[in-house]
>>> print(open('structure.pdb').read())   # PDB, C-alpha atoms
ATOM      1  CA  MET D  20       0.000   0.000   0.000
ATOM      2  CA  VAL D  21       2.742   2.415   0.997
ATOM      3  CA  LYS D  22       4.771   1.438  -2.020
ATOM      4  CA  ASN D  23       1.743   2.000  -4.208
ATOM      5  CA  ALA D  24       1.088   5.460  -2.767
ATOM      6  CA  ARG D  25       4.707   6.435  -3.322
ATOM      7  CA  ARG D  26       4.568   5.365  -6.936
ATOM      8  CA  ASN D  27       1.438   7.397  -7.523
ATOM      9  CA  GLY D  28       3.003  10.413  -5.801
ATOM     10  CA  LEU D  29       5.951  10.360  -8.167
ATOM     11  CA  THR D  30       3.658  10.026 -11.117
ATOM     12  CA  ARG D  31       1.642  12.982  -9.933
ATOM     13  CA  ARG D  32       4.765  15.087  -9.704
ATOM     14  CA  LEU D  33       5.742  14.185 -13.252
ATOM     15  CA  LEU D  34       2.258  15.048 -14.427
ATOM     16  CA  LEU D  35       2.422  18.348 -12.578
ATOM     17  CA  ALA D  36       5.685  19.218 -14.262
ATOM     18  CA  ALA D  37       4.238  18.327 -17.648
ATOM     19  CA  ALA D  38       1.079  20.316 -16.979
ATOM     20  CA  CYS D  39       3.119  23.317 -15.808
ATOM     21  CA  ALA D  40       5.111  23.264 -19.004
ATOM     22  CA  GLY D  41       1.917  22.974 -21.004
ATOM     23  CA  VAL D  42       0.139  25.974 -19.543
ATOM     24  CA  ALA D  43       3.153  28.203 -18.916
ATOM     25  CA  GLY D  44       2.234  30.186 -22.006
ATOM     26  CA  LEU D  45      -1.366  30.759 -20.880
ATOM     27  CA  GLY D  46      -1.586  33.763 -18.617
ATOM     28  CA  GLY D  47       1.187  32.829 -16.243
ATOM     29  CA  MET D  48      -0.518  29.796 -14.685
ATOM     30  CA  GLY D  49       2.879  28.192 -14.307
ATOM     31  CA  ARG D  50       4.152  31.074 -12.232
ATOM     32  CA  ALA D  51       0.970  31.122 -10.204
ATOM     33  CA  TRP D  52       1.563  27.552  -9.129
ATOM     34  CA  ALA D  53       5.003  28.355  -7.878
ATOM     35  CA  SER D  54       3.776  31.309  -5.835
ATOM     36  CA  GLU D  55       3.312  30.890  -2.097
ATOM     37  CA  ASP D  56       1.247  34.032  -1.748
ATOM     38  CA  ALA D  57      -2.483  33.539  -2.206
ATOM     39  CA  THR D  58      -3.136  37.173  -3.150
ATOM     40  CA  ASP D  59      -0.645  36.973  -6.002
ATOM     41  CA  LEU D  60      -2.112  33.659  -7.111
ATOM     42  CA  VAL D  61      -5.625  35.107  -7.288
ATOM     43  CA  GLU D  62      -4.373  38.183  -9.111
ATOM     44  CA  GLN D  63      -2.670  36.001 -11.686
ATOM     45  CA  LEU D  64      -5.776  33.877 -12.166
ATOM     46  CA  THR D  65      -8.412  36.624 -12.208
ATOM     47  CA  GLY D  66      -6.501  39.758 -13.181
ATOM     48  CA  SER D  67      -7.598  41.733 -10.125
ATOM     49  CA  ARG D  68      -6.366  41.939  -6.584
ATOM     50  CA  PRO D  69      -8.595  40.595  -3.794
ATOM     51  CA  THR D  70      -8.918  42.094  -0.311
ATOM     52  CA  ALA D  71      -8.646  39.796   2.683
ATOM     53  CA  SER D  72     -11.960  40.124   4.490
ATOM     54  CA  ALA D  73     -13.586  38.779   7.645
ATOM     55  CA  ARG D  74     -16.892  38.727   5.709
ATOM     56  CA  VAL D  75     -15.679  35.562   3.995
ATOM     57  CA  ARG D  76     -15.475  32.643   6.379
ATOM     58  CA  LEU D  77     -13.799  29.471   5.185
ATOM     59  CA  THR D  78     -14.169  26.816   7.860
ATOM     60  CA  MET D  79     -12.037  23.689   7.524
ATOM     61  CA  PRO D  80     -10.363  21.385  10.041
ATOM     62  CA  SER D  81      -6.784  22.536  10.731
ATOM     63  CA  VAL D  82      -5.660  18.906  10.949
ATOM     64  CA  PHE D  83      -7.319  16.049   9.077
ATOM     65  CA  PRO D  84      -6.198  12.410   8.829
ATOM     66  CA  ASN D  85      -6.784  11.922   5.095
ATOM     67  CA  GLY D  86      -6.756  14.112   2.044
ATOM     68  CA  TYR D  87      -9.544  12.277   0.230
ATOM     69  CA  THR D  88     -12.553  13.886   1.838
ATOM     70  CA  VAL D  89     -11.811  17.040   3.798
ATOM     71  CA  PRO D  90     -14.923  18.956   4.938
ATOM     72  CA  LEU D  91     -15.226  22.533   3.720
ATOM     73  CA  MET D  92     -17.777  25.116   4.910
ATOM     74  CA  LEU D  93     -17.938  28.483   3.311
ATOM     75  CA  GLU D  94     -20.031  31.510   4.188
ATOM     76  CA  VAL D  95     -20.025  35.112   2.998
ATOM     77  CA  ASP D  96     -21.880  37.863   4.903
ATOM     78  CA  SER D  97     -24.224  39.488   2.429
ATOM     79  CA  PRO D  98     -27.816  40.787   2.358
ATOM     80  CA  MET D  99     -28.297  38.720  -0.858
ATOM     81  CA  THR D 100     -30.508  41.337  -2.524
ATOM     82  CA  GLU D 101     -30.745  42.115  -6.245
ATOM     83  CA  SER D 102     -28.368  45.093  -5.862
ATOM     84  CA  ASP D 103     -25.985  43.594  -3.300
ATOM     85  CA  HIS D 104     -25.262  39.872  -3.344
ATOM     86  CA  VAL D 105     -22.464  37.375  -3.688
ATOM     87  CA  ALA D 106     -22.231  36.330  -7.338
ATOM     88  CA  ALA D 107     -19.668  33.557  -6.995
ATOM     89  CA  VAL D 108     -17.060  32.059  -4.711
ATOM     90  CA  GLN D 109     -14.048  30.287  -6.148
ATOM     91  CA  VAL D 110     -12.091  27.826  -4.018
ATOM     92  CA  LEU D 111      -8.413  27.146  -4.790
ATOM     93  CA  ALA D 112      -5.940  24.653  -3.365
ATOM     94  CA  PRO D 113      -2.593  26.138  -4.503
ATOM     95  CA  ARG D 114      -0.536  23.052  -3.646
ATOM     96  CA  ASN D 115      -2.804  20.525  -5.360
ATOM     97  CA  PRO D 116      -1.720  19.196  -8.774
ATOM     98  CA  LEU D 117      -4.771  20.988 -10.164
ATOM     99  CA  VAL D 118      -5.309  24.266  -8.328
ATOM    100  CA  GLU D 119      -9.017  24.846  -8.948
ATOM    101  CA  VAL D 120     -11.385  23.090  -6.557
ATOM    102  CA  ALA D 121     -14.822  24.542  -7.318
ATOM    103  CA  THR D 122     -16.741  27.682  -8.182
ATOM    104  CA  PHE D 123     -20.041  28.195  -6.381
ATOM    105  CA  ARG D 124     -22.466  30.550  -8.150
ATOM    106  CA  PHE D 125     -25.118  32.225  -6.047
ATOM    107  CA  THR D 126     -28.145  34.384  -6.894
ATOM    108  CA  PRO D 127     -30.386  36.601  -4.719
ATOM    109  CA  ALA D 128     -32.774  33.599  -4.650
ATOM    110  CA  SER D 129     -30.088  31.612  -2.806
ATOM    111  CA  GLY D 130     -31.035  33.601   0.311
ATOM    112  CA  LEU D 131     -27.734  32.783   1.999
ATOM    113  CA  ALA D 132     -24.240  32.637   0.524
ATOM    114  CA  ARG D 133     -23.356  29.504   2.426
ATOM    115  CA  VAL D 134     -22.256  26.109   1.122
ATOM    116  CA  SER D 135     -20.684  22.915   2.447
ATOM    117  CA  THR D 136     -18.889  20.174   0.551
ATOM    118  CA  ARG D 137     -15.931  17.794   0.795
ATOM    119  CA  ILE D 138     -12.675  18.227  -1.084
ATOM    120  CA  ARG D 139      -9.391  16.464  -1.879
ATOM    121  CA  LEU D 140      -6.050  17.886  -0.775
ATOM    122  CA  ALA D 141      -2.661  16.625  -1.918
ATOM    123  CA  GLU D 142      -0.601  18.030   0.963
ATOM    124  CA  PRO D 143      -0.767  20.494   3.889
ATOM    125  CA  GLN D 144      -1.598  23.929   2.511
ATOM    126  CA  HIS D 145      -3.639  27.113   2.728
ATOM    127  CA  VAL D 146      -6.999  26.644   1.010
ATOM    128  CA  VAL D 147      -8.139  29.922  -0.530
ATOM    129  CA  ALA D 148     -11.687  31.216  -1.108
ATOM    130  CA  VAL D 149     -12.312  34.261  -3.317
ATOM    131  CA  ALA D 150     -15.780  35.789  -3.265
ATOM    132  CA  GLU D 151     -16.948  37.983  -6.126
ATOM    133  CA  LEU D 152     -19.702  40.383  -5.079
ATOM    134  CA  SER D 153     -22.373  41.696  -7.464
ATOM    135  CA  ASP D 154     -20.473  45.017  -7.786
ATOM    136  CA  GLY D 155     -17.311  43.178  -8.849
ATOM    137  CA  THR D 156     -15.445  43.479  -5.533
ATOM    138  CA  LEU D 157     -13.198  40.516  -4.732
ATOM    139  CA  LEU D 158     -12.939  39.387  -1.103
ATOM    140  CA  MET D 159     -10.619  36.639   0.051
ATOM    141  CA  ALA D 160     -10.137  34.285   2.980
ATOM    142  CA  LYS D 161      -7.875  31.329   3.557
ATOM    143  CA  ALA D 162      -7.672  28.389   5.926
ATOM    144  CA  TRP D 163      -4.634  26.290   6.816
ATOM    145  CA  VAL D 164      -5.300  22.558   6.521
ATOM    146  CA  GLU D 165      -2.797  19.888   7.493
ATOM    147  CA  VAL D 166      -3.613  16.558   5.817
ATOM    148  CA  ALA D 167      -1.714  13.394   6.705
ATOM    149  CA  THR D 168      -2.219  11.545   3.406
ATOM    150  CA  ASN D 169      -2.326  12.653  -0.206
ATOM    151  CA  GLY D 170      -5.914  12.738  -1.474
ATOM    152  CA  CYS D 171      -5.043  13.273  -5.110
ATOM    153  CA  ALA D 172      -2.965  10.198  -5.896
TER     154      ALA D 172
ATOM    155  CA  MET V  23     -21.824  -0.252 -15.850
ATOM    156  CA  PHE V  24     -21.901   2.166 -12.963
ATOM    157  CA  THR V  25     -24.941   4.413 -12.687
ATOM    158  CA  PRO V  26     -24.641   7.436 -10.404
ATOM    159  CA  ALA V  27     -27.495   7.654  -7.909
ATOM    160  CA  PRO V  28     -28.429  11.206  -6.940
ATOM    161  CA  ARG V  29     -30.212  12.003  -3.689
ATOM    162  CA  VAL V  30     -31.747  15.221  -2.366
ATOM    163  CA  GLN V  31     -32.940  16.156   1.081
ATOM    164  CA  ALA V  32     -35.021  19.339   1.415
ATOM    165  CA  PRO V  33     -38.216  20.388   3.198
ATOM    166  CA  SER V  34     -41.493  19.928   1.301
ATOM    167  CA  ILE V  35     -43.253  22.859   2.959
ATOM    168  CA  ALA V  36     -41.838  26.291   3.776
ATOM    169  CA  ALA V  37     -43.141  29.726   4.737
ATOM    170  CA  LYS V  38     -42.842  32.493   2.134
ATOM    171  CA  GLY V  39     -39.456  34.190   2.473
ATOM    172  CA  GLN V  40     -37.976  31.381   4.551
ATOM    173  CA  VAL V  41     -34.464  30.276   3.574
ATOM    174  CA  ILE V  42     -34.397  26.482   3.350
ATOM    175  CA  GLN V  43     -31.418  24.157   3.546
ATOM    176  CA  VAL V  44     -30.904  21.703   0.692
ATOM    177  CA  LYS V  45     -28.571  18.705   0.910
ATOM    178  CA  THR V  46     -27.579  16.768  -2.198
ATOM    179  CA  LEU V  47     -25.394  13.744  -2.757
ATOM    180  CA  ILE V  48     -24.554  11.766  -5.868
ATOM    181  CA  ALA V  49     -22.708   8.451  -5.799
ATOM    182  CA  HIS V  50     -19.859   8.992  -8.256
ATOM    183  CA  PRO V  51     -16.156   8.030  -8.245
ATOM    184  CA  MET V  52     -14.990  11.469  -9.531
ATOM    185  CA  GLU V  53     -12.073   9.891 -11.429
ATOM    186  CA  THR V  54      -9.461  12.659 -11.634
ATOM    187  CA  GLY V  55      -7.535  11.579 -14.731
ATOM    188  CA  LEU V  56      -4.336  11.675 -12.634
ATOM    189  CA  ARG V  57      -4.368   8.025 -11.624
ATOM    190  CA  HIS V  58      -2.866   4.993 -13.366
ATOM    191  CA  ASP V  59      -4.179   1.464 -13.689
ATOM    192  CA  ASP V  60      -2.032  -1.618 -12.985
ATOM    193  CA  GLU V  61      -0.538  -1.519 -16.504
ATOM    194  CA  GLY V  62       0.561   2.088 -16.016
ATOM    195  CA  ASN V  63      -2.035   3.603 -18.338
ATOM    196  CA  ILE V  64      -3.756   6.802 -17.238
ATOM    197  CA  ILE V  65      -7.345   6.213 -16.128
ATOM    198  CA  PRO V  66      -9.263   8.849 -18.117
ATOM    199  CA  ARG V  67     -10.893  11.719 -16.254
ATOM    200  CA  LYS V  68     -14.564  11.242 -15.519
ATOM    201  CA  ILE V  69     -16.040  13.672 -13.035
ATOM    202  CA  ILE V  70     -19.294  15.482 -12.403
ATOM    203  CA  HIS V  71     -18.215  18.911 -13.680
ATOM    204  CA  ARG V  72     -21.387  20.879 -13.148
ATOM    205  CA  PHE V  73     -24.277  20.952 -10.719
ATOM    206  CA  ALA V  74     -27.306  23.221 -10.950
ATOM    207  CA  CYS V  75     -30.415  23.800  -8.874
ATOM    208  CA  ARG V  76     -33.382  25.323 -10.715
ATOM    209  CA  TYR V  77     -36.366  26.726  -8.851
ATOM    210  CA  ASP V  78     -39.454  27.104 -10.999
ATOM    211  CA  GLY V  79     -37.212  26.942 -14.079
ATOM    212  CA  GLU V  80     -34.640  29.547 -12.961
ATOM    213  CA  VAL V  81     -31.115  28.604 -11.894
ATOM    214  CA  VAL V  82     -30.784  29.746  -8.269
ATOM    215  CA  PHE V  83     -27.526  27.998  -7.363
ATOM    216  CA  SER V  84     -24.888  26.236  -9.439
ATOM    217  CA  VAL V  85     -21.406  24.846  -9.039
ATOM    218  CA  ASP V  86     -18.474  24.226 -11.376
ATOM    219  CA  LEU V  87     -16.761  21.186  -9.913
ATOM    220  CA  HIS V  88     -13.134  20.310 -10.580
ATOM    221  CA  GLU V  89     -11.019  17.223  -9.866
ATOM    222  CA  ALA V  90     -10.430  18.234  -6.237
ATOM    223  CA  ILE V  91     -14.044  17.616  -5.250
ATOM    224  CA  ALA V  92     -14.164  14.386  -3.250
ATOM    225  CA  ALA V  93     -15.774  11.213  -4.606
ATOM    226  CA  ASN V  94     -19.551  11.069  -4.112
ATOM    227  CA  PRO V  95     -19.901  14.868  -4.299
ATOM    228  CA  TYR V  96     -21.916  16.279  -1.420
ATOM    229  CA  LEU V  97     -23.351  19.794  -1.560
ATOM    230  CA  GLU V  98     -25.284  21.608   1.116
ATOM    231  CA  PHE V  99     -26.702  25.008   0.179
ATOM    232  CA  TYR V 100     -29.682  27.317   0.631
ATOM    233  CA  VAL V 101     -32.686  28.512  -1.338
ATOM    234  CA  ARG V 102     -35.144  31.284  -0.442
ATOM    235  CA  ALA V 103     -38.732  29.970  -0.645
ATOM    236  CA  SER V 104     -40.751  32.464  -2.698
ATOM    237  CA  LYS V 105     -43.557  30.457  -4.316
ATOM    238  CA  SER V 106     -44.746  26.887  -4.635
ATOM    239  CA  GLY V 107     -42.835  25.179  -7.397
ATOM    240  CA  ARG V 108     -40.480  22.510  -8.551
ATOM    241  CA  LEU V 109     -36.845  22.352  -7.500
ATOM    242  CA  GLU V 110     -34.863  20.587 -10.226
ATOM    243  CA  PHE V 111     -31.358  19.318  -9.574
ATOM    244  CA  THR V 112     -29.005  18.302 -12.369
ATOM    245  CA  TRP V 113     -25.525  16.808 -12.363
ATOM    246  CA  GLU V 114     -23.528  16.877 -15.610
ATOM    247  CA  GLU V 115     -20.818  14.277 -16.100
ATOM    248  CA  ASP V 116     -17.798  14.284 -18.458
ATOM    249  CA  GLY V 117     -18.863  12.597 -21.681
ATOM    250  CA  GLY V 118     -22.360  14.055 -21.670
ATOM    251  CA  GLY V 119     -24.170  12.088 -18.967
ATOM    252  CA  VAL V 120     -26.828  14.092 -17.129
ATOM    253  CA  TYR V 121     -28.512  12.917 -13.939
ATOM    254  CA  GLY V 122     -31.463  14.637 -12.354
ATOM    255  CA  VAL V 123     -33.830  14.704  -9.402
ATOM    256  CA  GLU V 124     -36.959  16.800  -8.805
ATOM    257  CA  HIS V 125     -38.424  17.949  -5.528
ATOM    258  CA  TYR V 126     -41.713  19.815  -5.069
ATOM    259  CA  LEU V 127     -41.754  22.678  -2.586
ATOM    260  CA  THR V 128     -45.062  24.026  -1.266
ATOM    261  CA  VAL V 129     -44.848  27.619  -0.020
ATOM    262  CA  THR V 130     -47.515  28.793   2.410
TER     263      THR V 130
END
>>> encode(input="structure.pdb", output="structure tokens")
Amino acid sequence: MVKNARRNGLTRRLLLAAACAGVAGLGGMGRAWASEDATDLVEQLTGSRPTASARVRLTMPSVFPNGYTVPLMLEVDSPMTESDHVAAVQVLAPRNPLVEVATFRFTPASGLARVSTRIRLAEPQHVVAVAELSDGTLLMAKAWVEVATNGCA
Amino acid sequence: MFTPAPRVQAPSIAAKGQVIQVKTLIAHPMETGLRHDDEGNIIPRKIIHRFACRYDGEVVFSVDLHEAIAANPYLEFYVRASKSGRLEFTWEEDGGGVYGVEHYLTVT
């Protein structure tokens, strides 16, 4: 089992390198992956700079035994009216082989900008949530999650 | 052949203006396309890449899912009850498969 996991890990790394090379020409994705700073990463992906905000709450366990199914709870404070609501929240795992996790799209009819799901994490890292409000403002939050096993192999 | 089985849990009756919780789950392996079989060949990607919840025909909540969503994708979200109508849930799989569930909500 251990041997098997190790083999998969190596394969993943090779794939990552290949993927990096493949997308390096497309909007600096390759650089984004190398960056440790979440704000820079989001700026490279979206073209605008997010503001860290306490209105975005990303709740995840700080330590979790496996990376296959890590609980994620996300909530953004918003009146959720036609003129002022959360349009979307993108979740990123910068140290996963594939950075994007999910994009949740809300409408005023959602009532609450709150969602729960379960995600895969390859290694201990900051998970990043970027909320886009109806006026275009980007708000950001992150949560440190320490996983003991690779959930992406 | 594996057939994903979607499930939805939501109230059947709600007061007008009430925000209801909706829980959905679909049994699906969410194959990432990063894994290899015993012969070393890549197992092709097959994931649910999109989920949508329509309320009386309008999309009220949707999700773009990527490879990092865990197997058997679970989603818990909210909908504001405004009028009696059908909640339709759809999951779109790589390769064109679409799975759906309907749930009728009575608003008093």
>>> atom_distance(input="structure.pdb", atom1="CA of Ala49 in chain V", atom2="CA of Lys161 in chain D")
28.8 Å
>>> interface_residues(input="structure.pdb", of="chain D", to="chain V", cutoff="9 Å", atoms="only C-alpha atoms", output="PDB file with C-alpha atoms, in the frame of the given file")
ATOM      1  CA  ASN D  27       1.438   7.397  -7.523  1.00  0.00           C
ATOM      2  CA  THR D  30       3.658  10.026 -11.117  1.00  0.00           C
ATOM      3  CA  ARG D  31       1.642  12.982  -9.933  1.00  0.00           C
ATOM      4  CA  LEU D  34       2.258  15.048 -14.427  1.00  0.00           C
ATOM      5  CA  TYR D  87      -9.544  12.277   0.230  1.00  0.00           C
ATOM      6  CA  THR D  88     -12.553  13.886   1.838  1.00  0.00           C
ATOM      7  CA  VAL D  89     -11.811  17.040   3.798  1.00  0.00           C
ATOM      8  CA  ALA D 112      -5.940  24.653  -3.365  1.00  0.00           C
ATOM      9  CA  ASN D 115      -2.804  20.525  -5.360  1.00  0.00           C
ATOM     10  CA  PRO D 116      -1.720  19.196  -8.774  1.00  0.00           C
ATOM     11  CA  LEU D 117      -4.771  20.988 -10.164  1.00  0.00           C
ATOM     12  CA  VAL D 118      -5.309  24.266  -8.328  1.00  0.00           C
ATOM     13  CA  GLU D 119      -9.017  24.846  -8.948  1.00  0.00           C
ATOM     14  CA  VAL D 120     -11.385  23.090  -6.557  1.00  0.00           C
ATOM     15  CA  ALA D 121     -14.822  24.542  -7.318  1.00  0.00           C
ATOM     16  CA  THR D 122     -16.741  27.682  -8.182  1.00  0.00           C
ATOM     17  CA  PHE D 123     -20.041  28.195  -6.381  1.00  0.00           C
ATOM     18  CA  ARG D 124     -22.466  30.550  -8.150  1.00  0.00           C
ATOM     19  CA  PHE D 125     -25.118  32.225  -6.047  1.00  0.00           C
ATOM     20  CA  THR D 126     -28.145  34.384  -6.894  1.00  0.00           C
ATOM     21  CA  PRO D 127     -30.386  36.601  -4.719  1.00  0.00           C
ATOM     22  CA  ALA D 128     -32.774  33.599  -4.650  1.00  0.00           C
ATOM     23  CA  SER D 129     -30.088  31.612  -2.806  1.00  0.00           C
ATOM     24  CA  GLY D 130     -31.035  33.601   0.311  1.00  0.00           C
ATOM     25  CA  LEU D 131     -27.734  32.783   1.999  1.00  0.00           C
ATOM     26  CA  ALA D 132     -24.240  32.637   0.524  1.00  0.00           C
ATOM     27  CA  ARG D 133     -23.356  29.504   2.426  1.00  0.00           C
ATOM     28  CA  VAL D 134     -22.256  26.109   1.122  1.00  0.00           C
ATOM     29  CA  SER D 135     -20.684  22.915   2.447  1.00  0.00           C
ATOM     30  CA  THR D 136     -18.889  20.174   0.551  1.00  0.00           C
ATOM     31  CA  ARG D 137     -15.931  17.794   0.795  1.00  0.00           C
ATOM     32  CA  ILE D 138     -12.675  18.227  -1.084  1.00  0.00           C
ATOM     33  CA  ARG D 139      -9.391  16.464  -1.879  1.00  0.00           C
ATOM     34  CA  LEU D 140      -6.050  17.886  -0.775  1.00  0.00           C
ATOM     35  CA  GLY D 170      -5.914  12.738  -1.474  1.00  0.00           C
ATOM     36  CA  CYS D 171      -5.043  13.273  -5.110  1.00  0.00           C
ATOM     37  CA  ALA D 172      -2.965  10.198  -5.896  1.00  0.00           C
TER      38      ALA D 172
END
>>> resolve_selection(input="structure.pdb", expression="the PyMOL selection byres ((chain V and resi 37) around 6)", output="list in words")
Ala36, Lys38, Gln40, Val129 and Thr130 of chain V
>>> atom_distance(input="structure.pdb", atom1="CA of Ile64 in chain V", atom2="CA of Gly118 in chain V")
20.5 Å
>>> atom_distance(input="structure.pdb", atom1="CA of Glu124 in chain V", atom2="CA of Gly107 in chain V")
10.3 Å
>>> resolve_selection(input="structure.pdb", expression="the PyMOL selection byres ((chain D and resi 143-152) around 7)", output="list in words")
Ala57, Leu77, His104, Val105, Ala106, Ala107, Val108, Gln109, Val110, Leu111, Ala112, Arg114, Glu142, Ser153, Asp154, Gly155, Thr156, Leu157, Leu158, Met159, Ala160, Lys161, Ala162, Trp163, Val164, Glu165 and Val166 of chain D
>>> resolve_selection(input="structure.pdb", expression="the PyMOL selection byres ((chain V and resi 53) around 7)", output="list in words")
Pro51, Met52, Thr54, Gly55, Arg67, Lys68 and Ile69 of chain V
>>> residues_around(input="structure.pdb", residues="range 62-76 of chain D", least_positions_apart="2", cutoff="7 Å", atoms="all atoms listed in the file", output="ChimeraX atom specification")
/D:47,51,58-60,78,93-96,157-160
>>> decode(input="structure.pdb", residues="range 30-91 of chain V", atoms="C-alpha atoms", output="short mmCIF file (atom, residue, chain, number, x, y, z; two decimals), in the first residue's frame")
data_model
loop_
_atom_site.label_atom_id
_atom_site.label_comp_id
_atom_site.auth_asym_id
_atom_site.auth_seq_id
_atom_site.Cartn_x
_atom_site.Cartn_y
_atom_site.Cartn_z
CA VAL V 30 -31.75 15.22 -2.37
CA GLN V 31 -32.94 16.16 1.08
CA ALA V 32 -35.02 19.34 1.41
CA PRO V 33 -38.22 20.39 3.20
CA SER V 34 -41.49 19.93 1.30
CA ILE V 35 -43.25 22.86 2.96
CA ALA V 36 -41.84 26.29 3.78
CA ALA V 37 -43.14 29.73 4.74
CA LYS V 38 -42.84 32.49 2.13
CA GLY V 39 -39.46 34.19 2.47
CA GLN V 40 -37.98 31.38 4.55
CA VAL V 41 -34.46 30.28 3.57
CA ILE V 42 -34.40 26.48 3.35
CA GLN V 43 -31.42 24.16 3.55
CA VAL V 44 -30.90 21.70 0.69
CA LYS V 45 -28.57 18.71 0.91
CA THR V 46 -27.58 16.77 -2.20
CA LEU V 47 -25.39 13.74 -2.76
CA ILE V 48 -24.55 11.77 -5.87
CA ALA V 49 -22.71 8.45 -5.80
CA HIS V 50 -19.86 8.99 -8.26
CA PRO V 51 -16.16 8.03 -8.25
CA MET V 52 -14.99 11.47 -9.53
CA GLU V 53 -12.07 9.89 -11.43
CA THR V 54 -9.46 12.66 -11.63
CA GLY V 55 -7.53 11.58 -14.73
CA LEU V 56 -4.34 11.68 -12.63
CA ARG V 57 -4.37 8.02 -11.62
CA HIS V 58 -2.87 4.99 -13.37
CA ASP V 59 -4.18 1.46 -13.69
CA ASP V 60 -2.03 -1.62 -12.98
CA GLU V 61 -0.54 -1.52 -16.50
CA GLY V 62 0.56 2.09 -16.02
CA ASN V 63 -2.04 3.60 -18.34
CA ILE V 64 -3.76 6.80 -17.24
CA ILE V 65 -7.35 6.21 -16.13
CA PRO V 66 -9.26 8.85 -18.12
CA ARG V 67 -10.89 11.72 -16.25
CA LYS V 68 -14.56 11.24 -15.52
CA ILE V 69 -16.04 13.67 -13.04
CA ILE V 70 -19.29 15.48 -12.40
CA HIS V 71 -18.21 18.91 -13.68
CA ARG V 72 -21.39 20.88 -13.15
CA PHE V 73 -24.28 20.95 -10.72
CA ALA V 74 -27.31 23.22 -10.95
CA CYS V 75 -30.41 23.80 -8.87
CA ARG V 76 -33.38 25.32 -10.72
CA TYR V 77 -36.37 26.73 -8.85
CA ASP V 78 -39.45 27.10 -11.00
CA GLY V 79 -37.21 26.94 -14.08
CA GLU V 80 -34.64 29.55 -12.96
CA VAL V 81 -31.12 28.60 -11.89
CA VAL V 82 -30.78 29.75 -8.27
CA PHE V 83 -27.53 28.00 -7.36
CA SER V 84 -24.89 26.24 -9.44
CA VAL V 85 -21.41 24.85 -9.04
CA ASP V 86 -18.47 24.23 -11.38
CA LEU V 87 -16.76 21.19 -9.91
CA HIS V 88 -13.13 20.31 -10.58
CA GLU V 89 -11.02 17.22 -9.87
CA ALA V 90 -10.43 18.23 -6.24
CA ILE V 91 -14.04 17.62 -5.25
#
